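Let me begin by presenting the structure, written as structure tokens, before commenting on it.
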Amino acid sequence: MMKLSRDVAGPCVAPGGSVIAVGAFDGLHRGHQALLNQVRERAQALGCMPVVVSFEPLPRAYFSKEPVPRLSSVREKLLGFAASGMQHTLLLRFNQALTAMSAEDFIQHVLIERLNVREVWVGADFRFGHKRAGDVAMLERIGAGRGFAAHTMPVVLLDGERISASRVRALLAAGNFGAVAPLLGRPFVIEGKVEYGQQLGRTLGYPTANIHLRDRVTPVHGIFAVRVGLGEGECSWPAVASLGTRPTVNEVVEPLLEVHLFDFDGNLYGQRMAVEFVAKLRDEMKFDGLAPLKVQMDHDARSAREILGMNPVLIGE
């Protein structure tokens with residue numbers, strides 16, 4: 001089982017030495033996966049512990065004045081680390097104290113004292129420390145005198161272009177889920193615990209299971225054909241979903257993921273639910289009352305059923 005630490009200070013977590021990957025790892029796309037696989041294999045070869053160092057909040061979100069979309073929740077990221085064979089995650093709190101730490105101190109206190117590093121693997125453009133003064137050349141120079149090696153991971157390409165989180169975000173914002181899956185190595189999924197809502201959908205004939213995203217900002221907004229996985233099950237149940245702020249009823253400010261499972265009868269409150277996005281149907285719209293909203297919901301349900309290969313049913317007739 002993977003262990004988790006949050007602080008710079010503390011006892012050494014790898015007395016026998018570690019091989020480390022460092023990065024934000026938002027979305028854990030195929031480039032990230034290649035880096036983690038390399039760390040796991042090198043750790044096995046050296047008889048060391050494979051460790052990943054990451055940051056929460058994401059550094060780009062910490063410095064941004066505007067909300068920054070992210071591809072994965074903290075929970076999803078940690079589960080991905082564990083699935084990649086990491087034995088320990090040092091998930092550092094990205095705060096004022098960490099941003100004020102010099103690059104040299106980061107190497108000394110985090111890589112050497114906390115993790116007993118033998119090898120560190122990063123992307124070629126990796127920068128760290130106060131005012132981003134640290135880079136791969138610094139890691140190589142200091143490592144040569146302190147007994148560890150620094151390596152950069154080759155860029156992973158798809159169709160001649162670099163796989164990156166920004167590329168994934170742009171495709172998701174455009175609703176191009178078919179192009180996203182090869183970059184991630186899996187379909188795009190949002191998961192969470194089903195919570196109570198206002199139950200407006202039930203009165204309109206579309207009861208929904210709701211996941212509150214709270215302060216998580218996602219690049220995905222609109223109405224979608226989706227497939228749902230319940231508990232630890234695969235995403236196989238066909239559904240139609242809305243992700244947004246419900247402008248017609250103005251009941252929420254934070255993003256809300258509402259999912260209507262087709263031909264489902266059961267209580268999902270409190271269960272974990274994974275939502276796989278298949279196709280975007282339309283953008284979120286504000287309607288002049290509930291009657292035109294219901295007409296559009298009927299149309300969305302028909303479209304989603306068709307996209308998901310379900311038998312057509314008479315809706316709203």
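Letters A, B, ... go to the chains of the structure tokens in the order shown; residues in each chain start at 1; ligands are counted from 1 in the same order.
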Which residues of stretch 217-284 of chain A come within 8 Å of stretch 150-173 of chain A, and what is each one's closest atom pair and distance in Å (one decimal), counting only C-alpha atoms, sorted by chain and residue number, as CSV?
```
residue,atom,partner,partner_atom,distance
A:Pro219,CA,A:Ala173,CA,5.1
A:Val220,CA,A:Ala173,CA,5.4
A:His221,CA,A:Ala173,CA,7.4
```
Excluding same-chain residues fewer than 4 positions from stretch 48-57 of chain A, what lies within 9 Å of it counting only C-alpha atoms, as number ranges by chain? A: 6, 14, 16-25, 36, 39-44, 61-62, 74, 81, 85-95, 115, 118
Of the candidates A:Gly145, A:Pro59, A:Gly129, A:Gly80, which shows the shortest atom-to-atom distance to A:Met2, using only C-alpha atoms? A:Gly80
Might you pull out every residue within 7 Å of A:Val194, with only C-alpha atoms counted and same-chain residues fewer than 4 positions away left off, and present them as a VMD selection string? chain A and resid 209 to 211 268 to 273
With all heavy atoms retained, write the just-selected residues as a compact mmCIF listing (two decimals), in the first residue's frame.
```txt
# COMPACT_ATOMS: atom_id res chain seq x y z
N ALA A 209 -28.30 11.74 -10.12
CA ALA A 209 -27.29 11.53 -9.09
C ALA A 209 -26.29 12.68 -9.22
O ALA A 209 -25.78 12.95 -10.31
CB ALA A 209 -26.59 10.19 -9.28
N ASN A 210 -26.03 13.37 -8.11
CA ASN A 210 -25.27 14.61 -8.16
C ASN A 210 -23.90 14.47 -7.50
O ASN A 210 -23.78 13.91 -6.40
CB ASN A 210 -26.03 15.73 -7.45
CG ASN A 210 -27.41 15.94 -8.06
OD1 ASN A 210 -27.58 15.83 -9.27
ND2 ASN A 210 -28.39 16.24 -7.22
N ILE A 211 -22.88 15.01 -8.18
CA ILE A 211 -21.54 15.12 -7.62
C ILE A 211 -21.18 16.59 -7.56
O ILE A 211 -21.15 17.27 -8.58
CB ILE A 211 -20.50 14.37 -8.48
CG1 ILE A 211 -20.79 12.87 -8.49
CG2 ILE A 211 -19.09 14.62 -7.95
CD1 ILE A 211 -19.86 12.07 -9.40
N LEU A 268 -28.70 5.90 -4.88
CA LEU A 268 -27.26 6.02 -5.05
C LEU A 268 -26.62 6.94 -4.02
O LEU A 268 -25.39 7.09 -4.03
CB LEU A 268 -26.94 6.55 -6.45
CG LEU A 268 -27.36 5.66 -7.62
CD1 LEU A 268 -27.05 6.35 -8.95
CD2 LEU A 268 -26.65 4.32 -7.55
N TYR A 269 -27.39 7.55 -3.14
CA TYR A 269 -26.83 8.52 -2.20
C TYR A 269 -25.74 7.88 -1.35
O TYR A 269 -25.90 6.80 -0.79
CB TYR A 269 -27.93 9.09 -1.29
CG TYR A 269 -28.92 9.94 -2.03
CD1 TYR A 269 -30.28 9.64 -2.02
CD2 TYR A 269 -28.51 11.05 -2.76
CE1 TYR A 269 -31.20 10.41 -2.70
CE2 TYR A 269 -29.42 11.84 -3.44
CZ TYR A 269 -30.76 11.51 -3.41
OH TYR A 269 -31.65 12.30 -4.10
N GLY A 270 -24.61 8.57 -1.27
CA GLY A 270 -23.50 8.10 -0.48
C GLY A 270 -22.55 7.18 -1.21
O GLY A 270 -21.46 6.89 -0.70
N GLN A 271 -22.93 6.71 -2.40
CA GLN A 271 -22.05 5.81 -3.16
C GLN A 271 -21.06 6.62 -3.98
O GLN A 271 -21.31 7.76 -4.35
CB GLN A 271 -22.88 4.94 -4.11
CG GLN A 271 -23.79 3.93 -3.43
CD GLN A 271 -24.36 2.94 -4.44
OE1 GLN A 271 -23.65 2.47 -5.34
NE2 GLN A 271 -25.64 2.62 -4.30
N ARG A 272 -19.92 6.01 -4.29
CA ARG A 272 -18.98 6.61 -5.22
C ARG A 272 -19.40 6.28 -6.64
O ARG A 272 -19.83 5.16 -6.93
CB ARG A 272 -17.55 6.13 -4.97
CG ARG A 272 -17.00 6.54 -3.61
CD ARG A 272 -15.49 6.68 -3.64
NE ARG A 272 -15.07 7.85 -4.38
CZ ARG A 272 -14.98 9.09 -3.86
NH1 ARG A 272 -15.30 9.31 -2.60
NH2 ARG A 272 -14.57 10.09 -4.62
N MET A 273 -19.28 7.26 -7.50
CA MET A 273 -19.73 7.11 -8.88
C MET A 273 -18.67 7.69 -9.81
O MET A 273 -18.13 8.77 -9.55
CB MET A 273 -21.07 7.84 -9.08
CG MET A 273 -21.64 7.76 -10.48
SD MET A 273 -23.30 8.48 -10.59
CE MET A 273 -22.91 10.23 -10.38
```
I need the alpha helix (DSSP H) residues of stretch 161-304 of chain A per DSSP on the backbone, written as a PyMOL selection string. chain A and resi 165-173+177-184+200-203+290-304
